[in-house]
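Shown next: final.tsv, containing TSV, C-alpha atoms.
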```tsv
chain	number	residue	atom	x	y	z
A	17	MET	CA	-225.46	-128.14	-72.74
A	18	PRO	CA	-225.34	-128.94	-69.03
A	19	GLU	CA	-222.05	-128.39	-67.24
A	20	PHE	CA	-219.26	-130.43	-68.73
A	21	ASP	CA	-216.93	-132.29	-66.43
A	22	LEU	CA	-214.04	-134.19	-68.00
A	23	ASP	CA	-213.67	-136.59	-65.09
A	24	SER	CA	-217.26	-137.74	-65.15
A	25	PHE	CA	-217.01	-137.99	-68.92
A	26	LYS	CA	-214.10	-140.44	-68.79
A	27	LYS	CA	-216.37	-143.46	-68.62
A	28	THR	CA	-218.33	-142.39	-71.71
A	29	TRP	CA	-215.04	-141.77	-73.55
A	30	GLN	CA	-213.68	-145.17	-72.65
A	31	GLU	CA	-216.89	-146.90	-73.67
A	32	GLN	CA	-217.19	-145.14	-77.02
A	33	PRO	CA	-218.24	-147.61	-79.69
A	34	VAL	CA	-214.94	-147.99	-81.51
A	35	GLN	CA	-215.65	-150.62	-84.11
A	36	GLN	CA	-213.42	-153.65	-84.18
A	37	LYS	CA	-212.05	-152.54	-87.51
A	38	TYR	CA	-209.26	-155.04	-88.05
A	39	ASP	CA	-209.08	-158.79	-87.48
A	40	ASN	CA	-205.98	-160.90	-86.75
A	41	THR	CA	-205.23	-161.68	-90.40
A	42	GLU	CA	-205.33	-158.01	-91.36
A	43	ILE	CA	-203.04	-157.12	-88.45
A	44	LEU	CA	-200.58	-159.86	-89.47
A	45	GLN	CA	-200.57	-158.44	-93.01
A	46	MET	CA	-199.66	-155.00	-91.64
A	47	LEU	CA	-196.40	-156.43	-90.28
A	48	ASN	CA	-195.13	-156.92	-93.81
A	49	ARG	CA	-195.91	-153.40	-94.83
A	50	LYS	CA	-193.18	-150.87	-95.56
A	51	SER	CA	-192.81	-148.11	-93.02
A	52	ARG	CA	-193.18	-144.51	-94.16
A	53	ASN	CA	-191.60	-142.36	-91.52
A	54	TYR	CA	-189.44	-139.30	-91.05
A	55	VAL	CA	-186.49	-141.04	-89.40
A	56	LYS	CA	-186.21	-143.42	-92.32
A	57	TYR	CA	-186.47	-140.46	-94.66
A	58	ILE	CA	-183.67	-138.60	-92.84
A	59	PHE	CA	-181.64	-141.82	-92.77
A	60	TRP	CA	-181.71	-142.41	-96.52
A	61	ILE	CA	-181.15	-138.78	-97.41
A	62	SER	CA	-178.17	-138.75	-95.05
A	63	VAL	CA	-176.77	-141.89	-96.65
A	64	ILE	CA	-176.99	-140.19	-100.03
A	65	GLU	CA	-175.30	-137.08	-98.61
A	66	PHE	CA	-172.49	-139.19	-97.19
A	67	LEU	CA	-171.96	-140.91	-100.51
A	68	PHE	CA	-172.11	-137.62	-102.37
A	69	PHE	CA	-169.57	-135.85	-100.20
A	70	THR	CA	-167.28	-138.85	-100.02
A	71	VAL	CA	-167.30	-139.24	-103.79
A	72	LEU	CA	-166.91	-135.50	-104.24
A	73	GLY	CA	-164.00	-135.43	-101.79
A	74	LEU	CA	-162.27	-138.31	-103.52
A	75	PHE	CA	-162.98	-136.82	-106.93
A	76	TYR	CA	-161.55	-133.47	-105.85
A	77	ILE	CA	-158.34	-135.10	-104.75
A	78	ILE	CA	-157.92	-137.67	-107.53
A	79	GLN	CA	-158.99	-135.36	-110.31
A	80	GLY	CA	-156.72	-132.60	-109.00
A	81	LYS	CA	-153.77	-134.90	-109.10
A	82	GLU	CA	-154.37	-136.56	-112.43
A	83	SER	CA	-155.37	-133.67	-114.59
A	84	ASN	CA	-152.94	-131.39	-112.83
A	85	SER	CA	-155.41	-128.54	-113.11
A	86	PHE	CA	-153.66	-126.98	-110.20
A	87	LEU	CA	-150.34	-127.11	-112.00
A	88	SER	CA	-151.91	-125.55	-115.05
A	89	ILE	CA	-153.18	-122.63	-112.93
A	90	LEU	CA	-149.65	-122.20	-111.68
A	91	GLU	CA	-148.27	-122.30	-115.21
A	92	LYS	CA	-150.82	-119.74	-116.35
A	93	LEU	CA	-149.61	-117.48	-113.59
A	94	GLY	CA	-146.11	-117.93	-114.98
A	95	ALA	CA	-144.53	-120.50	-112.64
A	96	ARG	CA	-142.11	-123.13	-113.90
A	97	LYS	CA	-142.92	-126.81	-113.49
A	98	THR	CA	-140.13	-128.47	-111.48
A	99	THR	CA	-139.79	-131.93	-109.92
A	100	GLU	CA	-139.52	-130.32	-106.53
A	101	LEU	CA	-142.82	-128.54	-107.11
A	102	GLU	CA	-144.53	-131.76	-108.21
A	103	GLY	CA	-143.08	-133.58	-105.20
A	104	SER	CA	-144.46	-131.12	-102.69
A	105	LEU	CA	-147.82	-131.12	-104.44
A	106	ASP	CA	-147.94	-134.92	-104.15
A	107	ASN	CA	-147.26	-134.66	-100.43
A	108	ILE	CA	-150.06	-132.16	-99.94
A	109	TYR	CA	-152.47	-134.42	-101.82
A	110	VAL	CA	-151.60	-137.44	-99.67
A	111	VAL	CA	-152.14	-135.49	-96.45
A	112	LEU	CA	-155.47	-134.12	-97.64
A	113	LYS	CA	-156.61	-137.55	-98.83
A	114	ILE	CA	-155.82	-139.16	-95.47
A	115	LEU	CA	-157.47	-136.30	-93.61
A	116	SER	CA	-160.60	-136.42	-95.72
A	117	LEU	CA	-160.92	-140.20	-95.54
A	118	SER	CA	-160.45	-140.33	-91.77
A	119	VAL	CA	-163.05	-137.60	-91.29
A	120	THR	CA	-165.52	-139.60	-93.39
A	121	ALA	CA	-164.73	-142.87	-91.60
A	122	TYR	CA	-165.22	-141.25	-88.20
A	123	PHE	CA	-168.58	-139.77	-89.22
A	124	VAL	CA	-169.90	-142.95	-90.80
A	125	TYR	CA	-169.22	-144.69	-87.48
A	126	LYS	CA	-170.88	-141.88	-85.45
A	127	PHE	CA	-173.80	-141.75	-87.85
A	128	TYR	CA	-174.52	-145.46	-87.47
A	129	GLN	CA	-174.06	-145.34	-83.70
A	130	ASN	CA	-176.50	-142.42	-83.28
A	131	TYR	CA	-179.02	-144.03	-85.63
A	132	LYS	CA	-179.01	-147.17	-83.49
A	133	LYS	CA	-179.73	-145.05	-80.42
A	134	ILE	CA	-183.12	-143.94	-81.74
A	135	LYS	CA	-185.59	-146.21	-80.01
A	136	ILE	CA	-189.33	-145.83	-80.44
A	137	GLU	CA	-190.00	-147.04	-76.88
A	138	GLU	CA	-188.06	-144.09	-75.44
A	139	ASN	CA	-190.05	-141.23	-73.91
A	140	LEU	CA	-191.15	-138.49	-76.31
A	141	LYS	CA	-188.57	-135.95	-75.17
A	142	LYS	CA	-185.62	-138.34	-75.44
A	143	PHE	CA	-186.97	-139.66	-78.71
A	144	ILE	CA	-187.04	-136.18	-80.27
A	145	LEU	CA	-183.64	-135.29	-78.80
A	146	LYS	CA	-182.07	-138.44	-80.23
A	147	ILE	CA	-183.44	-137.76	-83.69
A	148	ILE	CA	-182.06	-134.22	-83.48
A	149	GLN	CA	-178.71	-135.58	-82.30
A	150	PHE	CA	-178.63	-138.03	-85.17
A	151	LYS	CA	-179.33	-135.23	-87.62
A	152	LYS	CA	-176.63	-133.13	-85.98
A	153	THR	CA	-174.03	-135.80	-86.81
A	154	VAL	CA	-174.86	-135.43	-90.47
A	155	ASN	CA	-174.87	-131.63	-90.19
A	156	ALA	CA	-171.45	-131.70	-88.52
A	157	PHE	CA	-170.15	-133.91	-91.33
A	158	ILE	CA	-171.38	-131.48	-93.96
A	159	LEU	CA	-170.05	-128.49	-92.03
A	160	ILE	CA	-166.62	-130.08	-91.66
A	161	ASN	CA	-166.63	-130.86	-95.37
A	162	ILE	CA	-167.35	-127.22	-96.15
A	163	LEU	CA	-164.57	-126.16	-93.78
A	164	LEU	CA	-162.23	-128.68	-95.40
A	165	LEU	CA	-163.17	-127.31	-98.81
A	166	ILE	CA	-162.34	-123.79	-97.65
A	167	ALA	CA	-159.16	-125.02	-95.94
A	168	PHE	CA	-158.00	-126.90	-99.06
A	169	THR	CA	-158.64	-123.86	-101.22
A	170	SER	CA	-156.75	-121.63	-98.79
A	171	ILE	CA	-153.81	-124.04	-98.55
A	172	PHE	CA	-153.52	-124.16	-102.33
A	173	THR	CA	-153.80	-120.39	-102.58
A	174	VAL	CA	-151.05	-119.93	-100.00
A	175	PHE	CA	-149.02	-122.55	-101.83
A	176	ILE	CA	-149.43	-120.68	-105.12
A	177	PHE	CA	-148.14	-117.47	-103.56
A	178	TYR	CA	-145.28	-119.37	-101.98
A	179	ILE	CA	-144.23	-120.84	-105.34
A	180	LEU	CA	-144.59	-117.51	-107.12
A	181	ASN	CA	-142.49	-115.93	-104.43
A	182	THR	CA	-139.71	-118.54	-104.49
A	183	GLN	CA	-139.56	-118.41	-108.28
A	184	HIS	CA	-139.51	-114.59	-108.14
A	185	ILE	CA	-142.46	-114.16	-110.48
A	186	GLU	CA	-144.23	-110.84	-110.67
A	187	VAL	CA	-147.94	-111.20	-111.33
A	188	THR	CA	-149.88	-108.31	-112.81
A	189	ASN	CA	-152.53	-106.80	-110.60
A	190	SER	CA	-155.44	-107.67	-112.87
A	191	THR	CA	-154.47	-111.37	-113.06
A	192	LEU	CA	-154.14	-111.49	-109.30
A	193	THR	CA	-157.50	-109.80	-108.70
A	194	GLY	CA	-159.19	-112.15	-111.18
A	195	PHE	CA	-157.65	-115.16	-109.49
A	196	ILE	CA	-158.69	-114.13	-105.97
A	197	ILE	CA	-162.21	-113.11	-106.98
A	198	GLY	CA	-162.61	-116.44	-108.82
A	199	ILE	CA	-161.68	-118.40	-105.72
A	200	ILE	CA	-163.90	-116.38	-103.37
A	201	VAL	CA	-166.94	-116.43	-105.67
A	202	SER	CA	-166.77	-120.18	-106.34
A	203	THR	CA	-166.36	-121.01	-102.64
A	204	ALA	CA	-169.20	-118.69	-101.61
A	205	LEU	CA	-171.45	-120.15	-104.28
A	206	ALA	CA	-170.78	-123.70	-103.10
A	207	VAL	CA	-171.54	-122.76	-99.47
A	208	LEU	CA	-174.72	-120.92	-100.48
A	209	LEU	CA	-176.01	-123.87	-102.49
A	210	ILE	CA	-175.40	-126.27	-99.62
A	211	TRP	CA	-177.15	-123.92	-97.20
A	212	LEU	CA	-180.19	-123.58	-99.49
A	213	TYR	CA	-180.40	-127.34	-99.90
A	214	TYR	CA	-180.49	-127.78	-96.12
A	215	LYS	CA	-183.24	-125.23	-95.65
A	216	LEU	CA	-185.34	-127.02	-98.27
A	217	VAL	CA	-184.76	-130.65	-97.34
A	218	TYR	CA	-184.73	-130.45	-93.54
A	219	GLY	CA	-186.74	-127.30	-92.91
A	220	ILE	CA	-190.09	-129.00	-92.41
A	221	ILE	CA	-189.00	-131.95	-90.29
A	222	MET	CA	-186.70	-129.88	-88.08
A	223	ARG	CA	-189.38	-127.26	-87.49
A	224	LYS	CA	-191.84	-130.00	-86.50
A	225	LEU	CA	-189.37	-131.53	-84.03
A	226	ASP	CA	-188.46	-128.15	-82.56
A	227	LYS	CA	-192.11	-127.22	-82.13
A	228	ASN	CA	-192.89	-130.39	-80.18
A	229	LEU	CA	-189.75	-130.08	-78.09
A	230	LYS	CA	-190.65	-126.50	-77.25
A	231	GLN	CA	-194.11	-127.61	-76.08
A	232	LEU	CA	-192.50	-130.18	-73.75
A	233	LYS	CA	-190.04	-127.63	-72.38
A	234	ASP	CA	-192.80	-125.09	-71.84
A	235	ILE	CA	-194.80	-127.59	-69.80
A	236	ASP	CA	-191.75	-128.42	-67.72
A	237	SER	CA	-190.97	-124.78	-67.02
A	238	GLN	CA	-194.48	-123.74	-66.03
A	239	GLU	CA	-195.07	-122.16	-62.67
A	240	GLU	CA	-196.91	-124.23	-60.18
B	10	MET	CA	-176.29	-187.77	-91.93
B	11	ILE	CA	-180.00	-188.33	-92.31
B	12	ILE	CA	-180.48	-188.00	-88.58
B	13	ALA	CA	-178.52	-184.74	-88.55
B	14	ASP	CA	-180.62	-183.44	-91.42
B	15	LEU	CA	-183.76	-184.42	-89.66
B	16	LEU	CA	-182.60	-182.73	-86.46
B	17	LEU	CA	-181.68	-179.59	-88.35
B	18	SER	CA	-184.94	-179.41	-90.20
B	19	SER	CA	-186.89	-180.00	-87.02
B	20	CYS	CA	-184.95	-177.15	-85.36
B	21	HIS	CA	-185.79	-174.91	-88.28
B	22	TYR	CA	-189.40	-176.01	-88.07
B	23	ASN	CA	-189.52	-175.21	-84.37
B	24	THR	CA	-188.09	-171.72	-84.91
B	25	SER	CA	-190.65	-170.98	-87.61
B	26	ILE	CA	-193.40	-172.16	-85.32
B	27	LEU	CA	-192.01	-169.95	-82.56
B	28	ILE	CA	-191.97	-166.89	-84.83
B	29	LEU	CA	-195.47	-167.67	-86.03
B	30	THR	CA	-196.72	-168.08	-82.48
B	31	ARG	CA	-195.15	-164.79	-81.54
B	32	GLU	CA	-196.73	-163.02	-84.48
B	33	LYS	CA	-200.09	-164.53	-83.65
B	34	GLU	CA	-199.73	-163.54	-80.01
B	35	PHE	CA	-198.91	-159.99	-81.11
B	36	ALA	CA	-201.84	-159.84	-83.55
B	37	GLN	CA	-204.18	-160.90	-80.78
B	38	LEU	CA	-202.74	-158.21	-78.48
B	39	ILE	CA	-203.31	-155.54	-81.13
B	40	LYS	CA	-206.80	-156.81	-81.89
B	41	ASP	CA	-207.74	-156.65	-78.21
B	42	ASN	CA	-206.29	-153.16	-77.79
B	43	GLN	CA	-207.05	-151.63	-81.17
B	44	GLY	CA	-209.38	-149.07	-79.58
B	45	LEU	CA	-206.33	-147.32	-78.11
B	46	ILE	CA	-204.55	-147.16	-81.48
B	47	ILE	CA	-207.72	-146.06	-83.29
B	48	LYS	CA	-208.22	-143.22	-80.81
B	49	VAL	CA	-204.65	-141.97	-81.23
B	50	SER	CA	-204.87	-142.30	-85.03
B	51	ARG	CA	-208.09	-140.27	-85.06
B	52	LEU	CA	-206.75	-137.58	-82.79
B	53	TYR	CA	-203.65	-136.96	-84.91
B	54	THR	CA	-205.04	-137.05	-88.46
B	55	ASN	CA	-207.66	-135.21	-90.47
B	56	SER	CA	-208.64	-137.72	-93.11
B	57	LEU	CA	-209.70	-141.33	-93.13
B	58	GLU	CA	-206.80	-142.24	-95.42
B	59	ASP	CA	-204.21	-140.73	-93.06
B	60	GLU	CA	-205.97	-142.29	-90.11
B	61	GLU	CA	-205.64	-145.78	-91.56
B	62	ASP	CA	-202.05	-145.12	-92.57
B	63	LEU	CA	-201.18	-143.95	-89.08
B	64	PHE	CA	-202.89	-147.00	-87.56
B	65	GLN	CA	-200.73	-149.29	-89.69
B	66	GLU	CA	-197.55	-147.34	-88.94
B	67	ILE	CA	-198.24	-147.59	-85.20
B	68	VAL	CA	-198.82	-151.36	-85.47
B	69	LEU	CA	-195.53	-151.69	-87.34
B	70	GLN	CA	-193.61	-149.66	-84.77
B	71	LEU	CA	-195.21	-151.66	-81.93
B	72	TRP	CA	-194.13	-154.89	-83.60
B	73	ARG	CA	-190.56	-153.59	-83.94
B	74	SER	CA	-190.37	-152.75	-80.27
B	75	TYR	CA	-192.31	-155.81	-79.14
B	76	ASP	CA	-189.08	-157.66	-78.27
B	77	SER	CA	-187.95	-154.91	-75.95
B	78	PHE	CA	-191.30	-154.84	-74.19
B	79	LYS	CA	-190.70	-157.14	-71.29
B	80	GLY	CA	-193.71	-156.39	-69.24
B	81	ASN	CA	-191.87	-153.86	-67.07
B	82	SER	CA	-194.65	-151.39	-67.73
B	83	LYS	CA	-198.35	-151.84	-68.30
B	84	ILE	CA	-199.34	-152.84	-71.83
B	85	SER	CA	-201.40	-149.67	-72.28
B	86	THR	CA	-198.51	-147.45	-71.12
B	87	TRP	CA	-196.11	-149.06	-73.59
B	88	MET	CA	-198.68	-148.90	-76.39
B	89	TYR	CA	-199.40	-145.24	-75.72
B	90	ARG	CA	-195.70	-144.42	-75.69
B	91	VAL	CA	-195.01	-146.03	-79.07
B	92	ALA	CA	-198.30	-144.82	-80.58
B	93	LEU	CA	-197.75	-141.20	-79.51
B	94	ASN	CA	-194.08	-141.14	-80.56
B	95	THR	CA	-195.18	-142.39	-83.95
B	96	ALA	CA	-198.12	-139.98	-84.29
B	97	ILE	CA	-196.27	-136.89	-83.06
B	98	THR	CA	-192.78	-137.39	-84.47
B	99	LEU	CA	-192.48	-140.17	-87.01
B	100	PHE	CA	-195.61	-140.09	-89.11
B	101	ARG	CA	-195.56	-138.56	-92.57
B	102	LYS	CA	-199.03	-137.44	-93.55
B	103	LYS	CA	-200.19	-138.02	-97.10
B	104	SER	CA	-202.88	-135.40	-97.26
B	105	LYS	CA	-202.43	-131.80	-96.27
B	106	SER	CA	-203.68	-131.15	-92.79
B	107	LEU	CA	-206.76	-129.02	-92.37
B	108	PRO	CA	-206.95	-126.21	-89.89
B	109	THR	CA	-208.55	-128.10	-87.02
B	110	ASN	CA	-211.17	-125.48	-86.29
B	111	GLU	CA	-212.70	-126.03	-89.69
B	112	LEU	CA	-213.34	-129.68	-89.07
B	113	ASP	CA	-216.78	-130.99	-89.52
B	114	ILE	CA	-217.75	-132.13	-86.08
B	115	ASN	CA	-220.00	-134.90	-87.26
B	116	HIS	CA	-217.97	-136.30	-90.11
B	117	ARG	CA	-216.76	-139.33	-88.23
B	118	ASP	CA	-218.24	-142.52	-89.50
B	119	PHE	CA	-217.94	-144.47	-86.30
B	120	ILE	CA	-220.63	-142.58	-84.51
B	121	GLU	CA	-223.78	-143.91	-85.98
B	122	ASP	CA	-225.90	-143.31	-82.93
B	123	ASP	CA	-227.05	-139.82	-82.61
B	124	ASP	CA	-227.79	-139.81	-78.94
B	125	GLU	CA	-226.40	-137.07	-76.80
B	126	LYS	CA	-223.48	-139.01	-75.34
B	127	HIS	CA	-222.11	-139.89	-78.73
B	128	GLN	CA	-222.46	-136.38	-79.97
B	129	GLN	CA	-220.47	-135.26	-76.97
B	130	VAL	CA	-217.73	-137.80	-77.69
B	131	SER	CA	-217.58	-136.52	-81.25
B	132	LEU	CA	-217.41	-132.92	-80.06
B	133	LEU	CA	-214.68	-133.80	-77.57
B	134	TYR	CA	-212.59	-135.25	-80.44
B	135	THR	CA	-212.91	-131.98	-82.29
B	136	VAL	CA	-212.06	-129.89	-79.24
B	137	ILE	CA	-209.03	-132.04	-78.32
B	138	LYS	CA	-207.78	-131.75	-81.89
B	139	THR	CA	-207.49	-127.99	-81.52
B	140	LEU	CA	-204.83	-128.50	-78.82
B	141	PRO	CA	-201.09	-128.60	-79.57
B	142	ASN	CA	-199.57	-132.11	-80.05
B	143	VAL	CA	-198.17	-132.60	-76.58
B	144	GLU	CA	-201.27	-131.34	-74.76
B	145	ARG	CA	-203.35	-133.60	-76.97
B	146	ALA	CA	-201.21	-136.52	-75.78
B	147	ILE	CA	-201.70	-135.66	-72.11
B	148	VAL	CA	-205.50	-135.50	-72.48
B	149	THR	CA	-205.63	-138.73	-74.47
B	150	MET	CA	-203.75	-140.69	-71.84
B	151	TYR	CA	-205.64	-139.02	-69.00
B	152	LEU	CA	-208.99	-139.97	-70.51
B	153	ASP	CA	-207.88	-143.59	-70.64
B	154	ASP	CA	-207.00	-143.50	-66.92
B	155	LEU	CA	-203.22	-143.71	-67.21
B	156	PRO	CA	-201.68	-142.63	-63.91
B	157	TYR	CA	-199.87	-139.25	-63.91
B	158	LYS	CA	-196.62	-141.09	-63.27
B	159	ASP	CA	-196.97	-142.97	-66.57
B	160	ILE	CA	-198.19	-139.91	-68.50
B	161	ALA	CA	-195.14	-137.96	-67.30
B	162	GLU	CA	-192.77	-140.84	-68.06
B	163	ASN	CA	-194.12	-141.34	-71.55
B	164	LEU	CA	-193.53	-137.69	-72.40
B	165	GLY	CA	-190.32	-137.06	-70.45
B	166	ILE	CA	-191.77	-134.34	-68.21
B	167	THR	CA	-192.13	-134.26	-64.42
B	168	GLU	CA	-195.19	-135.75	-62.76
B	169	VAL	CA	-195.99	-132.47	-60.98
B	170	ASN	CA	-195.94	-130.56	-64.25
B	171	ALA	CA	-198.11	-133.16	-65.96
B	172	ARG	CA	-200.64	-132.74	-63.17
B	173	VAL	CA	-200.55	-128.94	-63.29
B	174	LYS	CA	-200.91	-128.95	-67.06
B	175	MET	CA	-203.81	-131.41	-66.96
B	176	ASN	CA	-205.70	-129.30	-64.42
B	177	ARG	CA	-205.38	-126.29	-66.72
B	178	LEU	CA	-206.43	-128.40	-69.68
B	179	LYS	CA	-209.55	-129.56	-67.86
B	180	LYS	CA	-210.64	-125.93	-67.56
B	181	THR	CA	-209.87	-125.20	-71.21
B	182	LEU	CA	-211.77	-128.26	-72.39
B	183	LYS	CA	-214.73	-127.47	-70.17
B	184	GLU	CA	-214.95	-123.95	-71.59
B	185	GLN	CA	-214.65	-125.18	-75.16
B	186	MET	CA	-217.18	-127.97	-74.72
B	187	GLU	CA	-219.74	-125.64	-73.18
B	188	LYS	CA	-219.10	-123.00	-75.82
B	189	TYR	CA	-219.63	-125.30	-78.81
B	190	ALA	CA	-222.43	-127.41	-77.42
```

Show me this structure written as structure tokens.
Amino acid sequence: MPEFDLDSFKKTWQEQPVQQKYDNTEILQMLNRKSRNYVKYIFWISVIEFLFFTVLGLFYIIQGKESNSFLSILEKLGARKTTELEGSLDNIYVVLKILSLSVTAYFVYKFYQNYKKIKIEENLKKFILKIIQFKKTVNAFILINILLLIAFTSIFTVFIFYILNTQHIEVTNSTLTGFIIGIIVSTALAVLLIWLYYKLVYGIIMRKLDKNLKQLKDIDSQEE
Amino acid sequence: MIIADLLLSSCHYNTSILILTREKEFAQLIKDNQGLIIKVSRLYTNSLEDEEDLFQEIVLQLWRSYDSFKGNSKISTWMYRVALNTAITLFRKKSKSLPTNELDINHRDFIEDDDEKHQQVSLLYTVIKTLPNVERAIVTMYLDDLPYKDIAENLGITEVNARVKMNRLKKTLKEQMEKYA
């Protein structure tokens, strides 16, 4: 092949015989087609996650109160059920419920706001950054939910010890060890499952975004 | 009452006509510029099925952003921006992507002529497809004569860096083209 020069080849490239594949009617039909894209995919999965965690959060609080599973743990450990005890438990539940609901409300608002910010006519770098930011809102929501879960568990554990202490109940070492191990194992398992889920569901799309963003950053940091 | 109804229905009628006119105007715009979308679709997919899917996704995204396109930039710059954002970031491929170096150079159906120029165009497609996504975008826009300012703006990099990168890419492409010819 003779020497290749991209600049003198431009004309040939621009004049390549690209067939007029689609006519006006076909193009108009395309406008009614459903879009298959990653942002939409992240959007719907996030909506499901929001619903899941909101329902789970509500369930955790409501179920805890109604079935009094917490009280039954206390009773198993030997504590006496008093009106004072039930009163303070009610207060804790109300605080947690308000906290959990306001966290969800705040994130639903942020989620919608960041979704609206994703505009296809933005430049590539901003476009990628806004998708990542949108995803980060959901990640933060999940992370805070995990932290809340750990916080709730810790508060209840502290509360249990407080009650046992005020009622002067001695707990045998083996019961205590079983109780603490149970709490730690179940919390760790929940966190591990959530982490695995994230690696699976968002691994591919996040890697793709990061790769493209890295390419852009590399170009912008090259030496002249 | 009847007059009000008539007025209302005529308003409704006018709006529908307006929307229809706008859709028709858009369809004409796409038809006239489909070469640009076809080129991007070809450069970012490895099968005819994905290529057609990507074409349709780009048209859809262009339609969604058509309202915000107010003629501040050139039509081709806006089209490239939306098309590349869709191809690089949004598009979900159906078929598994092939390693680009294993592509059959002559598999493209659009090149029926076998003269030298067309073979070179076909080879250039293959060579460009071996580049990373962002570099591919720079070359694509450069080949269609978009000014460096617009190339840089579309990608969110500086104009100087777009220029430096393109000069390096010219060398790479030259080497590759001469090697495979």

- Task: One decimal, Å: what's the distance from atom CA of B:Asn142 over to atom CA of A:Gln231, could you say?
- Result: 8.1 Å

- Message: At a cut-off of 7 Å, which residues of chain A touch chain B? Count only C-alpha atoms and give the answer as a count of residues only.
- Response: 35

- Task: Could you check how far atom CA of A:Gln149 sits from atom CA of A:Leu216, in Å to one decimal?
- Result: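 Straight-line distance from atom CA of A:Gln149 to atom CA of A:Leu216 works out to 19.3 Å.
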
- Query: Mind pulling up the distance from atom CA of A:Thr120 to atom CA of A:Thr70?
  - Reply: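 We find that atom CA of A:Thr70 and atom CA of A:Thr120 lie 6.9 Å from each other.
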
- Excluding same-chain residues fewer than 6 positions from stretch 194-209 of chain A, what lies within 8 Å of it counting only C-alpha atoms, as a PyMOL selection string? chain A and resi 162+166+169

- From B:Thr181, B:Asn176, B:Ser85, B:Thr135, residue lying nearest B:Arg51 [only C-alpha atoms]: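 Looking only at the distances to B:Arg51, the closest residue turns out to be B:Thr135.
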
First collect every listed atom of stretch 42-47 of chain B; then fit an axis-aligned box around them, widen it by 3 Å on each side, and give centre and edge lengths in Å to one decimal, as AutoDock Vina command-line options.
```
--center_x -207.0 --center_y -149.6 --center_z -80.5 --size_x 10.8 --size_y 13.1 --size_z 11.5
```
